[in-house]
$ cat structure23.txt   # compact mmCIF, C-alpha atoms
# COMPACT_ATOMS: atom_id res chain seq x y z
CA GLN A 30 21.81 -26.26 -46.42
CA LEU A 31 22.27 -22.60 -47.02
CA GLY A 32 19.44 -21.50 -44.82
CA ALA A 33 20.60 -23.78 -42.06
CA VAL A 34 24.26 -22.84 -42.26
CA LEU A 35 23.73 -19.13 -42.14
CA TYR A 36 20.98 -19.21 -39.63
CA VAL A 37 22.99 -21.24 -37.17
CA VAL A 38 25.84 -18.74 -37.05
CA SER A 39 23.36 -16.10 -35.91
CA LEU A 40 22.12 -18.54 -33.31
CA LYS A 41 25.67 -19.14 -32.15
CA ALA A 42 26.03 -15.42 -31.65
CA LEU A 43 22.65 -15.40 -29.98
CA VAL A 44 23.59 -18.12 -27.49
CA ASP A 45 26.84 -16.36 -26.63
CA THR A 46 25.00 -13.08 -26.33
CA MET A 47 22.31 -14.46 -24.05
CA ALA A 48 25.06 -15.84 -21.83
CA SER A 49 26.61 -12.40 -21.53
CA LEU A 50 23.27 -10.60 -21.20
CA SER A 51 23.96 -8.28 -24.11
CA LEU A 52 21.26 -9.36 -26.54
CA SER A 53 20.35 -5.91 -27.78
CA SER A 54 23.86 -5.20 -29.03
CA GLN A 55 23.59 -8.24 -31.34
CA LEU A 56 20.17 -7.40 -32.73
CA CYS A 57 21.11 -3.86 -33.71
CA PRO A 58 23.91 -4.89 -36.11
CA GLY A 59 21.42 -7.17 -37.80
CA LEU A 60 19.11 -4.26 -38.40
CA GLN A 61 21.94 -2.10 -39.69
CA HIS A 62 23.14 -4.87 -41.99
CA ARG A 63 19.75 -5.14 -43.61
CA SER A 64 19.56 -1.41 -44.23
CA ARG A 65 22.87 -1.53 -46.11
CA SER A 66 21.63 -4.17 -48.52
CA ARG A 67 19.18 -3.63 -51.30
CA THR A 68 17.99 -5.21 -54.49
CA ILE A 69 17.61 -3.75 -57.94
CA ARG A 70 15.09 -5.19 -60.32
CA ALA A 71 16.69 -5.72 -63.68
CA THR A 72 13.68 -6.02 -65.93
CA THR A 73 14.35 -8.11 -68.98
CA HIS A 74 11.53 -9.30 -71.21
CA SER A 75 8.28 -10.23 -69.56
CA ARG A 76 6.85 -13.41 -70.96
CA LYS A 77 4.33 -16.08 -70.18
CA VAL A 78 5.41 -19.72 -70.23
CA LEU A 79 3.72 -23.06 -69.92
CA ARG A 80 4.88 -24.97 -66.86
CA PRO A 81 4.06 -28.38 -65.39
CA LEU A 82 1.88 -28.70 -62.32
CA ASN A 83 3.29 -26.67 -59.45
CA VAL A 84 2.52 -28.50 -56.25
CA ALA A 85 2.81 -25.33 -54.16
CA SER A 86 0.00 -23.56 -56.02
CA GLY A 87 -2.02 -26.51 -57.26
CA LYS A 88 -2.46 -24.97 -60.71
CA PRO A 89 -3.21 -27.52 -63.43
CA GLN A 90 -0.53 -28.64 -65.83
CA GLY A 91 -0.21 -26.41 -68.87
CA SER A 92 -1.85 -23.37 -67.28
CA PRO A 93 -0.15 -20.05 -68.04
CA ALA A 94 2.27 -18.98 -65.35
CA LYS A 95 4.69 -16.11 -65.13
CA ASP A 96 8.29 -17.24 -65.44
CA PRO A 97 9.90 -16.37 -62.06
CA PHE A 98 13.31 -16.27 -63.77
CA ALA A 99 12.26 -13.74 -66.41
CA GLU A 100 13.05 -10.84 -64.07
CA LYS A 101 16.41 -11.22 -62.35
CA THR A 102 17.00 -9.72 -58.93
CA VAL A 103 20.37 -7.97 -58.76
CA TYR A 104 22.06 -7.68 -55.36
CA ARG A 105 24.79 -5.28 -54.32
CA ASP A 106 26.69 -7.07 -51.57
CA GLY A 107 28.53 -4.81 -49.15
CA PRO A 108 31.49 -5.64 -46.89
CA VAL A 109 29.31 -7.33 -44.26
CA ASP A 110 27.55 -9.45 -46.88
CA LEU A 111 30.87 -10.50 -48.42
CA THR A 112 32.24 -11.41 -45.00
CA PHE A 113 29.36 -13.81 -44.40
CA ILE A 114 29.64 -15.24 -47.91
CA LYS A 115 33.35 -15.93 -47.35
CA LEU A 116 32.83 -17.50 -43.92
CA TYR A 117 30.19 -19.93 -45.09
CA SER A 118 31.94 -20.72 -48.36
CA GLN A 119 35.08 -21.66 -46.42
CA LYS A 120 33.13 -23.80 -43.94
CA MET A 121 31.48 -25.73 -46.75
CA ALA A 122 34.66 -26.09 -48.78
CA ALA A 123 36.43 -27.50 -45.71
CA GLN A 124 34.12 -30.52 -45.95
CA LEU A 125 35.19 -31.18 -49.55
CA ILE A 126 38.36 -32.03 -51.44
CA ASN A 127 40.06 -29.67 -53.88
CA VAL A 128 37.29 -27.08 -53.88
CA ARG A 129 38.64 -23.58 -54.35
CA VAL A 130 37.41 -20.54 -52.45
CA PRO A 131 38.50 -17.20 -53.97
CA VAL A 132 40.13 -14.57 -51.80
CA ILE A 133 36.96 -12.49 -52.08
CA PRO A 134 34.22 -14.99 -52.88
CA GLN A 135 30.97 -13.77 -54.38
CA TYR A 136 27.50 -15.21 -53.94
CA ASP A 137 27.90 -17.25 -57.13
CA ASP A 138 30.90 -18.96 -55.52
CA PHE A 139 28.72 -19.86 -52.57
CA VAL A 140 26.19 -21.48 -54.91
CA ARG A 141 28.98 -23.24 -56.84
CA ILE A 142 30.33 -24.83 -53.66
CA SER A 143 26.82 -25.92 -52.74
CA LYS A 144 26.57 -27.73 -56.06
CA GLU A 145 29.89 -29.46 -55.33
CA ILE A 146 28.38 -30.84 -52.13
CA MET A 147 25.61 -32.49 -54.14
CA LYS A 148 27.90 -34.18 -56.66
CA GLY A 149 28.09 -37.94 -56.19
CA ARG A 150 26.19 -37.86 -52.89
CA SER A 151 22.76 -39.14 -52.01
CA PRO A 152 20.34 -36.81 -50.20
CA GLU A 153 21.18 -38.65 -46.98
CA GLN A 154 24.92 -38.12 -47.50
CA GLN A 155 24.34 -34.47 -48.29
CA GLY A 156 22.42 -34.18 -45.04
CA VAL A 157 25.30 -35.66 -43.04
CA LEU A 158 27.74 -33.22 -44.60
CA VAL A 159 25.40 -30.30 -43.98
CA ARG A 160 25.07 -31.26 -40.33
CA ASN A 161 28.87 -31.38 -40.03
CA VAL A 162 29.01 -27.84 -41.38
CA LEU A 163 26.35 -26.66 -38.96
CA MET A 164 28.05 -28.22 -35.97
CA SER A 165 31.38 -26.66 -36.98
CA LEU A 166 29.75 -23.25 -36.65
CA LEU A 167 28.58 -23.84 -33.09
CA PRO A 168 30.38 -23.92 -29.74
CA PRO A 169 30.36 -27.22 -27.83
CA GLY A 170 27.02 -27.98 -26.26
CA ALA A 171 25.15 -25.36 -28.29
CA PRO A 172 22.08 -27.52 -29.09
CA GLU A 173 21.63 -28.29 -25.40
CA GLN A 174 21.95 -24.60 -24.52
CA PHE A 175 19.46 -23.70 -27.20
CA ARG A 176 16.93 -26.21 -25.88
CA LYS A 177 17.22 -24.69 -22.41
CA LEU A 178 16.91 -21.12 -23.67
CA PHE A 179 14.18 -21.80 -26.20
CA PRO A 180 11.77 -24.60 -25.27
CA PRO A 181 9.03 -25.10 -27.89
CA THR A 182 6.77 -22.26 -26.79
CA LYS A 183 5.03 -19.41 -28.59
CA PHE A 184 7.69 -16.99 -27.36
CA SER A 185 10.54 -19.16 -28.67
CA ALA A 186 8.91 -19.55 -32.08
CA GLU A 187 8.20 -15.83 -32.42
CA PHE A 188 11.63 -14.82 -31.14
CA ASN A 189 13.52 -17.07 -33.55
CA ALA A 190 11.29 -16.01 -36.42
CA ARG A 191 12.21 -12.40 -35.64
CA ILE A 192 15.93 -13.26 -35.73
CA ALA A 193 15.52 -15.07 -39.05
CA SER A 194 13.62 -12.17 -40.61
CA LEU A 195 16.38 -9.71 -39.68
CA GLY A 196 19.59 -11.59 -40.26
CA PHE A 197 19.55 -13.27 -43.66
CA PHE A 198 18.86 -10.69 -46.32
CA TRP A 199 22.18 -11.45 -48.03
CA LEU A 200 21.36 -15.18 -48.18
CA VAL A 201 17.70 -15.33 -49.19
CA GLY A 202 16.78 -11.76 -50.10
CA GLU A 203 13.96 -9.69 -48.70
CA SER A 204 11.72 -11.26 -46.07
CA GLU A 205 9.09 -10.16 -43.61
CA LEU A 206 7.65 -11.41 -40.35
CA GLN A 207 4.00 -12.43 -40.56
CA GLU A 208 1.29 -13.52 -38.16
CA GLY A 209 -0.93 -16.46 -38.98
CA PRO A 210 -2.28 -19.84 -37.93
CA VAL A 211 0.42 -22.33 -36.92
CA GLN A 212 -0.17 -26.04 -36.37
CA VAL A 213 1.51 -26.42 -32.99
CA GLY A 214 0.09 -29.87 -32.23
CA PRO A 215 -1.94 -32.70 -33.75
CA ASN A 216 -5.21 -30.99 -32.93
CA GLU A 217 -4.04 -27.52 -31.98
CA VAL A 218 -3.74 -24.44 -34.17
CA ARG A 219 -2.52 -21.20 -32.66
CA VAL A 220 -2.24 -17.75 -34.17
CA GLN A 221 1.27 -16.43 -33.65
CA LYS A 222 3.77 -14.14 -35.31
CA SER A 223 6.27 -16.84 -36.17
CA ILE A 224 6.05 -17.03 -39.98
CA VAL A 225 8.92 -15.63 -42.04
CA LYS A 226 7.87 -14.95 -45.61
CA ILE A 227 10.84 -14.90 -48.00
CA LYS A 228 9.56 -12.92 -50.95
CA LYS A 229 11.87 -14.32 -53.63
CA CYS A 230 14.59 -16.64 -52.42
CA ARG A 231 18.00 -15.54 -53.63
CA TYR A 232 19.45 -19.04 -53.34
CA LEU A 233 16.67 -20.69 -55.30
CA GLU A 234 16.81 -18.00 -57.97
CA ALA A 235 20.61 -18.28 -58.28
CA SER A 236 20.68 -22.08 -58.35
CA GLY A 237 17.55 -22.72 -60.37
CA CYS A 238 17.46 -26.19 -58.83
CA VAL A 239 14.56 -27.85 -57.05
CA GLY A 240 16.83 -30.57 -55.66
CA MET A 241 19.25 -28.07 -54.12
CA CYS A 242 16.35 -26.25 -52.47
CA ALA A 243 14.99 -29.43 -50.91
CA ASN A 244 18.18 -31.37 -50.16
CA MET A 245 20.45 -28.56 -49.02
CA CYS A 246 18.15 -25.99 -47.48
CA LYS A 247 14.62 -27.09 -46.65
CA ASN A 248 15.24 -30.58 -45.27
CA PRO A 249 18.51 -29.98 -43.36
CA THR A 250 17.17 -26.77 -41.83
CA GLN A 251 13.92 -28.40 -40.74
CA ASP A 252 15.77 -31.40 -39.33
CA PHE A 253 18.36 -29.36 -37.45
CA PHE A 254 15.85 -27.09 -35.75
CA THR A 255 13.26 -29.78 -35.06
CA ASN A 256 15.56 -32.57 -33.90
CA ASP A 257 18.79 -30.92 -32.72
CA PHE A 258 17.42 -27.67 -31.32
CA GLY A 259 14.02 -29.02 -30.31
CA LEU A 260 12.13 -26.15 -31.95
CA PRO A 261 9.80 -27.39 -34.71
CA LEU A 262 10.22 -25.71 -38.08
CA THR A 263 8.44 -26.21 -41.38
CA MET A 264 9.71 -24.67 -44.63
CA LYS A 265 7.30 -24.33 -47.54
CA PRO A 266 8.97 -23.25 -50.80
CA ASN A 267 6.75 -22.01 -53.61
CA PHE A 268 8.37 -22.99 -56.89
CA GLU A 269 6.04 -20.84 -58.93
CA ASP A 270 7.21 -17.47 -57.61
CA LEU A 271 10.37 -18.59 -55.71
CA SER A 272 8.99 -17.41 -52.38
CA CYS A 273 9.17 -19.47 -49.21
CA GLU A 274 7.62 -19.63 -45.76
CA MET A 275 9.54 -20.56 -42.64
CA ILE A 276 6.99 -21.53 -40.01
CA PHE A 277 8.54 -21.70 -36.55
CA GLY A 278 6.64 -23.81 -34.05
CA GLN A 279 5.12 -26.13 -36.68
CA ALA A 280 6.55 -29.62 -37.15
CA PRO A 281 7.36 -30.61 -40.74
CA PRO A 282 4.95 -33.03 -42.42
CA PRO A 283 5.92 -36.66 -43.01
CA PRO A 284 7.64 -37.15 -46.40
CA GLU A 285 4.64 -38.88 -47.93
CA LEU A 286 2.55 -35.77 -47.31
CA ASP A 287 5.17 -33.23 -48.36
CA ASP A 288 4.41 -31.90 -51.84
CA VAL A 289 8.03 -30.91 -52.44
CA TYR A 290 8.76 -34.51 -53.48
CA LYS A 291 6.32 -34.19 -56.38
CA GLN A 292 7.92 -31.04 -57.76
CA PRO A 293 9.27 -31.13 -61.35
CA CYS A 294 12.54 -29.51 -62.37
CA PHE A 295 12.69 -25.94 -63.58
CA ARG A 296 12.98 -25.84 -67.34
CA PRO A 297 15.17 -24.68 -69.05
CA GLN A 298 17.24 -23.83 -65.94
CA CYS A 299 17.92 -27.52 -65.26
CA ASN A 300 19.27 -29.77 -68.01
CA MET A 301 17.89 -32.78 -66.16
CA GLY A 302 14.35 -31.50 -66.56
CA SER A 303 12.01 -33.41 -68.82
CA GLU A 304 8.67 -32.75 -70.42
CA GLY A 305 5.68 -33.35 -68.21
CA SER A 306 5.37 -33.33 -64.45
CA ALA A 307 7.82 -36.02 -63.34
CA PRO A 308 9.44 -35.10 -60.00
CA CYS A 309 12.98 -33.75 -60.00
CA PRO A 310 15.34 -36.77 -60.17
CA LYS A 311 17.48 -35.29 -57.37
CA LEU A 312 14.62 -35.57 -54.91
CA LYS A 313 14.34 -38.51 -52.58
CA ALA A 314 12.09 -38.65 -49.56
CA PRO A 315 13.82 -39.72 -46.33
CA ALA A 316 13.25 -43.37 -45.47

$ encode --input "structure23.txt" --output "structure tokens"
Amino acid sequence: QLGAVLYVVSLKALVDTMASLSLSSQLCPGLQHRSRSRTIRATTHSRKVLRPLNVASGKPQGSPAKDPFAEKTVYRDGPVDLTFIKLYSQKMAAQLINVRVPVIPQYDDFVRISKEIMKGRSPEQQGVLVRNVLMSLLPPGAPEQFRKLFPPTKFSAEFNARIASLGFFWLVGESELQEGPVQVGPNEVRVQKSIVKIKKCRYLEASGCVGMCANMCKNPTQDFFTNDFGLPLTMKPNFEDLSCEMIFGQAPPPPELDDVYKQPCFRPQCNMGSEGSAPCPKLKAPA
């Protein structure tokens, strides 16, 4: 949900900006915002752990793997970051009952409210709530405007990938725009610069939850862009190093072919995790 919520606000600004023909004035603040944010590596103890099969890497069960949580990324959120955190925290809390948002919410509050959304709700119900949040961030008719401005072309995919790579440092951490092969059709692969590589997702690191990643970020974001905006998007989280790829222009795979639904819980981050490689109990493929 996080990725979708935050991304859509930028797109709202983008649609308004395109209408007023002042696109460059919106892109520059995004660049300045990123330069004001930085991460500090707080090195704790480096250790090797035994983990179950990671479907993203295909490494066999029991093979040594570096614990991605052993080294915590520390963020110093500035005024702009805190403004976004507050906006999105309030939008999510408005969909819930008796969920408190502090006067100056921090990123941990944002994650806490995300967890409240999951409580007592199926993945489908979470998706409905997420979509309500997304639509509340957009002006009337925004999806239709987006479809007109950005039909599913190479330009649209590359342009939106550029926006995503610039505007969400505070949400997901450092990312970069990459060029690579993109499956743009059943039998068509095209090389384009529409891949956003998130180096270590802040949300996944802070939540430590496979289910939150899939149910509240990956799936709602893919669905909103592909079905509401008409621009295919595939998100490929790597649970071994907490990185992620956002591939604009590539339709998401059917649930039965998506490895995310085979992913075990993080242990010991999740108290629902069990020994072995059983999938996270919070995961449920769409019907």

$ atom_distance --input "structure23.txt" --atom1 "atom CA of A:Phe277" --atom2 "atom CA of A:Pro172"
16.5 Å

$ residues_around --input "structure23.txt" --residues "A:Gln155" --least-positions-apart "3" --cutoff "8 Å" --atoms "only C-alpha atoms" --output "mmCIF file with C-alpha atoms, in the frame of the given file"
data_model
loop_
_atom_site.group_PDB
_atom_site.id
_atom_site.type_symbol
_atom_site.label_atom_id
_atom_site.label_comp_id
_atom_site.auth_asym_id
_atom_site.auth_seq_id
_atom_site.Cartn_x
_atom_site.Cartn_y
_atom_site.Cartn_z
ATOM 1 C CA ILE A 146 28.380 -30.840 -52.130
ATOM 2 C CA MET A 147 25.610 -32.490 -54.140
ATOM 3 C CA ARG A 150 26.190 -37.860 -52.890
ATOM 4 C CA SER A 151 22.760 -39.140 -52.010
ATOM 5 C CA PRO A 152 20.340 -36.810 -50.200
ATOM 6 C CA LEU A 158 27.740 -33.220 -44.600
ATOM 7 C CA VAL A 159 25.400 -30.300 -43.980
ATOM 8 C CA ASN A 244 18.180 -31.370 -50.160
ATOM 9 C CA MET A 245 20.450 -28.560 -49.020
#

$ atom_distance --input "structure23.txt" --atom1 "atom CA of A:Pro308" --atom2 "atom CA of A:Pro215"
28.7 Å

$ closest_residue --input "structure23.txt" --among "A:Asp270, A:Leu312, A:Ala193, A:Ser143" --to "A:Lys95" --atoms "only C-alpha atoms"
A:Asp270

$ atom_distance --input "structure23.txt" --atom1 "atom CA of A:Met241" --atom2 "atom CA of A:Cys309"
10.3 Å

$ residues_near_point --input "structure23.txt" --point "(7.1, -43.1, -45.5)" --cutoff "12 Å" --atoms "only C-alpha atoms" --output "ChimeraX atom specification"
/A:282-287,290,313-316

$ write_last_selection --input "structure23.txt" --atoms "C-alpha atoms" --output "PDB file, in the coordinates of the input"
ATOM      1  CA  PRO A 282       4.950 -33.030 -42.420  1.00  0.00           C
ATOM      2  CA  PRO A 283       5.920 -36.660 -43.010  1.00  0.00           C
ATOM      3  CA  PRO A 284       7.640 -37.150 -46.400  1.00  0.00           C
ATOM      4  CA  GLU A 285       4.640 -38.880 -47.930  1.00  0.00           C
ATOM      5  CA  LEU A 286       2.550 -35.770 -47.310  1.00  0.00           C
ATOM      6  CA  ASP A 287       5.170 -33.230 -48.360  1.00  0.00           C
ATOM      7  CA  TYR A 290       8.760 -34.510 -53.480  1.00  0.00           C
ATOM      8  CA  LYS A 313      14.340 -38.510 -52.580  1.00  0.00           C
ATOM      9  CA  ALA A 314      12.090 -38.650 -49.560  1.00  0.00           C
ATOM     10  CA  PRO A 315      13.820 -39.720 -46.330  1.00  0.00           C
ATOM     11  CA  ALA A 316      13.250 -43.370 -45.470  1.00  0.00           C
TER      12      ALA A 316
END

$ residues_around --input "structure23.txt" --residues "A:Ile224" --least-positions-apart "3" --cutoff "6 Å" --atoms "all atoms listed in the file" --output "PyMOL selection string"
chain A and resi 206-207+275-276

$ closest_residue --input "structure23.txt" --among "A:Gln135, A:Gln154, A:Thr255, A:Gln174" --to "A:Pro108" --atoms "all atoms listed in the file"
A:Gln135

$ residues_near_point --input "structure23.txt" --point "(19.4, -12.1, -57.7)" --cutoff "10 Å" --atoms "all atoms listed in the file" --output "count of residues only"
22

$ closest_residue --input "structure23.txt" --among "A:Leu262, A:Val109, A:Ala243, A:Ile142" --to "A:Lys291" --atoms "all atoms listed in the file"
A:Ala243

$ closest_residue --input "structure23.txt" --among "A:Val130, A:Leu195, A:Val213, A:Cys273" --to "A:Ile227" --atoms "all atoms listed in the file"
A:Cys273

$ axis_aligned_box --input "structure23.txt" --around "stretch 195-201 of chain A" --padding-each-side "3 Å" --output "JSON"
{"center_x": 19.3, "center_y": -12.5, "center_z": -44.4, "size_x": 11.8, "size_y": 11.6, "size_z": 15.5}
